[in-house]
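Asks: Got a file for you: work33.cif, mmCIF, C-alpha atoms.
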data_entry
#
loop_
_atom_site.label_atom_id
_atom_site.label_comp_id
_atom_site.auth_asym_id
_atom_site.auth_seq_id
_atom_site.Cartn_x
_atom_site.Cartn_y
_atom_site.Cartn_z
CA MET A 136 11.72 99.10 40.18
CA ILE A 137 12.43 100.48 36.73
CA ALA A 138 13.85 103.86 35.80
CA ILE A 139 12.82 105.77 32.69
CA SER A 140 15.13 108.44 31.32
CA THR A 141 15.39 110.75 28.32
CA ASP A 142 19.17 111.00 28.78
CA LYS A 143 20.53 109.75 25.45
CA SER A 144 23.96 109.08 26.97
CA LYS A 145 22.41 106.19 28.94
CA LEU A 146 20.94 104.47 25.89
CA GLN A 147 22.45 101.07 25.12
CA ILE A 148 22.50 101.26 21.34
CA ASP A 149 23.41 97.58 20.93
CA VAL A 150 20.28 96.54 22.88
CA ILE A 151 18.06 98.88 20.87
CA HIS A 152 19.53 97.80 17.54
CA ALA A 153 19.36 94.09 18.36
CA PHE A 154 15.66 94.35 19.14
CA LEU A 155 14.69 96.67 16.30
CA THR A 156 16.50 94.79 13.57
CA GLU A 157 14.38 91.72 14.41
CA SER A 158 11.07 93.57 14.87
CA TYR A 159 8.32 93.46 12.24
CA TRP A 160 8.47 97.23 11.75
CA ALA A 161 12.24 97.83 11.63
CA GLN A 162 13.62 94.53 10.40
CA GLY A 163 17.08 95.00 8.96
CA ARG A 164 17.56 98.56 10.24
CA THR A 165 21.29 99.23 10.45
CA ILE A 166 23.04 100.40 13.59
CA ASP A 167 23.88 103.68 11.82
CA GLU A 168 20.18 104.19 11.05
CA VAL A 169 19.33 103.50 14.70
CA LYS A 170 21.93 106.05 15.85
CA LYS A 171 20.67 108.66 13.39
CA SER A 172 17.04 108.16 14.40
CA ILE A 173 17.98 108.53 18.08
CA LYS A 174 19.95 111.70 17.37
CA HIS A 175 16.90 113.40 15.86
CA CYS A 176 14.20 112.33 18.34
CA LEU A 177 13.18 112.58 21.97
CA CYS A 178 14.05 109.13 23.32
CA PHE A 179 12.98 107.22 26.41
CA GLY A 180 15.10 104.42 27.81
CA VAL A 181 13.68 101.93 30.30
CA TYR A 182 16.20 100.50 32.77
CA LEU A 183 16.16 97.77 35.39
CA ASP A 184 19.31 97.63 37.51
CA GLU A 185 21.18 99.74 34.91
CA LYS A 186 20.25 97.27 32.13
CA GLN A 187 18.17 98.68 29.29
CA ILE A 188 14.97 96.66 28.91
CA GLY A 189 12.84 99.02 26.84
CA PHE A 190 12.76 102.01 24.55
CA ALA A 191 10.52 104.52 22.78
CA ARG A 192 11.23 107.51 20.61
CA VAL A 193 9.15 110.48 19.54
CA ALA A 194 9.71 112.55 16.41
CA THR A 195 8.34 115.96 17.29
CA ASP A 196 8.40 119.68 16.74
CA TYR A 197 7.87 120.09 20.52
CA THR A 198 4.91 122.36 19.80
CA ILE A 199 2.09 120.74 17.82
CA PHE A 200 3.02 117.27 16.54
CA ALA A 201 4.43 114.09 18.08
CA TYR A 202 4.93 110.77 16.28
CA LEU A 203 5.54 107.80 18.57
CA MET A 204 7.84 105.07 17.23
CA ASP A 205 9.99 102.07 18.11
CA VAL A 206 8.22 101.32 21.39
CA PHE A 207 9.30 98.06 23.00
CA ILE A 208 9.96 96.16 26.18
CA LEU A 209 12.31 93.20 25.79
CA PRO A 210 10.41 89.87 25.76
CA ASP A 211 11.81 88.63 29.10
CA TYR A 212 10.40 91.70 30.87
CA ARG A 213 6.90 91.84 29.41
CA SER A 214 3.63 91.42 31.34
CA LYS A 215 4.98 93.34 34.33
CA GLY A 216 3.37 96.71 33.56
CA TYR A 217 6.57 98.23 32.18
CA SER A 218 5.02 99.22 28.85
CA LYS A 219 2.29 101.14 30.68
CA GLN A 220 4.91 102.91 32.79
CA LEU A 221 6.84 103.77 29.62
CA MET A 222 3.73 105.10 27.90
CA HIS A 223 2.83 107.15 30.97
CA ALA A 224 6.32 108.70 30.91
CA VAL A 225 5.98 109.51 27.20
CA ALA A 226 2.48 110.96 27.54
CA SER A 227 3.41 113.08 30.55
CA ALA A 228 6.81 114.32 29.31
CA LYS A 229 6.92 118.06 29.92
CA GLU A 230 8.57 118.64 26.53
CA LEU A 231 5.48 117.26 24.76
CA GLN A 232 2.65 118.85 26.73
CA THR A 233 1.73 121.38 24.04
CA CYS A 234 1.55 118.74 21.31
CA THR A 235 -2.07 118.38 20.24
CA VAL A 236 -1.57 115.90 17.40
CA TRP A 237 -0.09 112.50 18.22
CA MET A 238 0.26 109.61 15.81
CA LEU A 239 1.67 106.11 15.71
CA LYS A 240 1.45 102.91 13.73
CA THR A 241 0.98 99.51 15.32
CA LEU A 242 0.05 96.05 14.16
CA ASP A 243 -0.65 94.43 17.51
CA ALA A 244 -0.58 96.84 20.47
CA HIS A 245 -3.84 98.72 20.05
CA GLY A 246 -4.97 97.80 23.58
CA LEU A 247 -1.95 99.47 25.16
CA TYR A 248 -2.22 102.66 23.15
CA LYS A 249 -5.99 103.00 23.62
CA GLN A 250 -5.31 103.35 27.36
CA PHE A 251 -3.40 106.54 26.53
CA GLY A 252 -6.01 108.12 24.29
CA PHE A 253 -4.99 106.79 20.88
CA THR A 254 -7.85 105.87 18.55
CA ALA A 255 -8.34 104.81 14.95
CA LEU A 256 -8.15 107.75 12.55
CA LYS A 257 -11.30 109.83 12.81
CA HIS A 258 -10.79 111.18 9.27
CA PRO A 259 -8.62 108.72 7.34
CA GLU A 260 -9.53 110.54 4.13
CA LYS A 261 -7.37 113.45 5.39
CA VAL A 262 -4.27 111.34 6.06
CA MET A 263 -1.78 110.42 3.37
CA GLU A 264 1.52 108.63 3.42
CA ARG A 265 4.47 108.25 1.11
CA LEU A 266 6.33 104.96 1.32
CA VAL A 267 9.65 104.81 -0.48
CA LYS A 268 11.33 101.45 -0.95
#
Written as structure tokens, that's how I'd like the structure from this file.

Replies:
Amino acid sequence: MIAISTDKSKLQIDVIHAFLTESYWAQGRTIDEVKKSIKHCLCFGVYLDEKQIGFARVATDYTIFAYLMDVFILPDYRSKGYSKQLMHAVASAKELQTCTVWMLKTLDAHGLYKQFGFTALKHPEKVMERLVK
């Protein structure tokens, strides 16, 4: 049985960094960037026998807006329902219950997120982004 916690002191930064730096969305992210992003977000660690096997973080104002990022379950632990349990924990977190606008970006996990109410943008003409490289 897994445990999911928002206690940042339990996070295994080396596990998170190792996964993220190889992911398609955070490739090359430094450990200092990982630490800084954790410091400023609500984070969810997924643990099996005290070993961290998954992670998610939410940038939020705790009132209106929540942006879901860096969601993963380590490859050896996939297809066991852990990502659904993680998403349930995120969606039901008491700190986020007043948030009415949720966003995320994904290349390949649309099926998972649709189960939790995420859809394609209803009004993409209203959404803008600024990418700085």

Asks: Where does range 179-205 of chain A meet range 228-233 of chain A within 12 Å, residue by residue, with the nearest atom pair and distance in Å to one decimal for each, counting only C-alpha atoms, listed by chain and rising number, as a tab-separated table?

Replies:
residue	atom	partner	partner_atom	distance
A:Phe179	CA	A:Ala228	CA	9.8
A:Arg192	CA	A:Ala228	CA	11.9
A:Val193	CA	A:Leu231	CA	9.3
A:Ala194	CA	A:Leu231	CA	10.5
A:Thr195	CA	A:Leu231	CA	8.1
A:Asp196	CA	A:Leu231	CA	8.9
A:Tyr197	CA	A:Leu231	CA	5.6
A:Thr198	CA	A:Thr233	CA	5.4
A:Ile199	CA	A:Thr233	CA	6.3
A:Phe200	CA	A:Leu231	CA	8.6
A:Ala201	CA	A:Leu231	CA	7.5
A:Tyr202	CA	A:Leu231	CA	10.7
A:Leu203	CA	A:Leu231	CA	11.3

Asks: Give me a file of those residues, with C-alpha atoms, as an mmCIF file, keeping the file's coordinate frame.

Replies:
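Just written: again14.cif:
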data_model
loop_
_atom_site.group_PDB
_atom_site.id
_atom_site.type_symbol
_atom_site.label_atom_id
_atom_site.label_comp_id
_atom_site.auth_asym_id
_atom_site.auth_seq_id
_atom_site.Cartn_x
_atom_site.Cartn_y
_atom_site.Cartn_z
ATOM 1 C CA PHE A 179 12.980 107.220 26.410
ATOM 2 C CA ARG A 192 11.230 107.510 20.610
ATOM 3 C CA VAL A 193 9.150 110.480 19.540
ATOM 4 C CA ALA A 194 9.710 112.550 16.410
ATOM 5 C CA THR A 195 8.340 115.960 17.290
ATOM 6 C CA ASP A 196 8.400 119.680 16.740
ATOM 7 C CA TYR A 197 7.870 120.090 20.520
ATOM 8 C CA THR A 198 4.910 122.360 19.800
ATOM 9 C CA ILE A 199 2.090 120.740 17.820
ATOM 10 C CA PHE A 200 3.020 117.270 16.540
ATOM 11 C CA ALA A 201 4.430 114.090 18.080
ATOM 12 C CA TYR A 202 4.930 110.770 16.280
ATOM 13 C CA LEU A 203 5.540 107.800 18.570
#

Asks: Expressed in Å to a single decimal, how great is the separation between CA of Lys171 in chain A and CA of Val236 in chain A?

Replies: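 Taking CA of Lys171 in chain A as the start and CA of Val236 in chain A as the end point, the length is 23.7 Å.
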
Asks: Could you list the residues chosen by the PyMOL selection byres ((chain A and resi 173-175) around 12) in this structure as a VMD selection string?

Replies: chain A and resid 141 to 148 151 to 152 166 to 172 176 to 180 190 to 196 204 to 205

Asks: Any idea what's packed within 10 Å of Leu221 in chain A, counting all atoms listed in the file, ignoring anything in its chain fewer than 3 positions away? Could you give it as a PyMOL selection string?

Replies: chain A and resi 137-140+179-181+189-191+206-208+216-218+224-227

Asks: Return the single residue from A:Leu239, A:Ala153, A:Tyr248, A:Leu209 that is closest to His223 in chain A, with distances computed using all atoms listed in the file.

Replies: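 Using all atoms listed in the file, His223 in chain A sits closest to A:Tyr248.
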
Asks: What is the distance between CA of Phe253 in chain A and CA of Leu183 in chain A, in Å to one decimal?

Replies: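 Value for the CA of Phe253 in chain A-CA of Leu183 in chain A distance: 27.2 Å.
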
Asks: Find the distance between CA of Leu256 in chain A and CA of Trp237 in chain A and write it in Å to one decimal.

Replies: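 Between these atoms lies a distance of 10.9 Å.
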
Asks: Taking N, CA, C and O atoms as the atom set, what does range 212-225 of chain A look like once completed, written as a compact mmCIF listing (two decimals), in the coordinates of the input?

Replies:
# COMPACT_ATOMS: atom_id res chain seq x y z
N TYR A 212 10.87 90.74 29.87
CA TYR A 212 10.40 91.70 30.87
C TYR A 212 8.96 92.14 30.63
O TYR A 212 8.47 93.06 31.29
N ARG A 213 8.27 91.48 29.72
CA ARG A 213 6.90 91.84 29.41
C ARG A 213 5.93 91.31 30.47
O ARG A 213 6.28 90.46 31.27
N SER A 214 4.73 91.81 30.43
CA SER A 214 3.63 91.42 31.34
C SER A 214 3.92 91.79 32.79
O SER A 214 3.47 91.11 33.71
N LYS A 215 4.68 92.85 32.99
CA LYS A 215 4.98 93.34 34.33
C LYS A 215 4.53 94.81 34.50
O LYS A 215 4.85 95.44 35.49
N GLY A 216 3.84 95.33 33.50
CA GLY A 216 3.37 96.71 33.56
C GLY A 216 4.37 97.74 33.09
O GLY A 216 4.10 98.94 33.15
N TYR A 217 5.53 97.29 32.59
CA TYR A 217 6.57 98.23 32.18
C TYR A 217 6.17 99.05 30.96
O TYR A 217 6.52 100.23 30.86
N SER A 218 5.43 98.45 30.04
CA SER A 218 5.02 99.22 28.85
C SER A 218 4.06 100.33 29.24
O SER A 218 4.11 101.43 28.68
N LYS A 219 3.19 100.09 30.21
CA LYS A 219 2.29 101.14 30.68
C LYS A 219 3.08 102.25 31.37
O LYS A 219 2.77 103.43 31.20
N GLN A 220 4.08 101.89 32.14
CA GLN A 220 4.91 102.91 32.79
C GLN A 220 5.66 103.73 31.74
O GLN A 220 5.78 104.95 31.87
N LEU A 221 6.15 103.06 30.70
CA LEU A 221 6.84 103.77 29.62
C LEU A 221 5.88 104.72 28.91
O LEU A 221 6.20 105.90 28.69
N MET A 222 4.70 104.25 28.58
CA MET A 222 3.73 105.10 27.90
C MET A 222 3.30 106.27 28.78
O MET A 222 3.09 107.38 28.29
N HIS A 223 3.17 106.05 30.06
CA HIS A 223 2.83 107.15 30.97
C HIS A 223 3.94 108.21 30.95
O HIS A 223 3.66 109.41 30.90
N ALA A 224 5.20 107.76 30.95
CA ALA A 224 6.32 108.70 30.91
C ALA A 224 6.32 109.49 29.60
O ALA A 224 6.56 110.71 29.61
N VAL A 225 6.03 108.83 28.50
CA VAL A 225 5.98 109.51 27.20
C VAL A 225 4.84 110.53 27.20
O VAL A 225 5.03 111.70 26.86
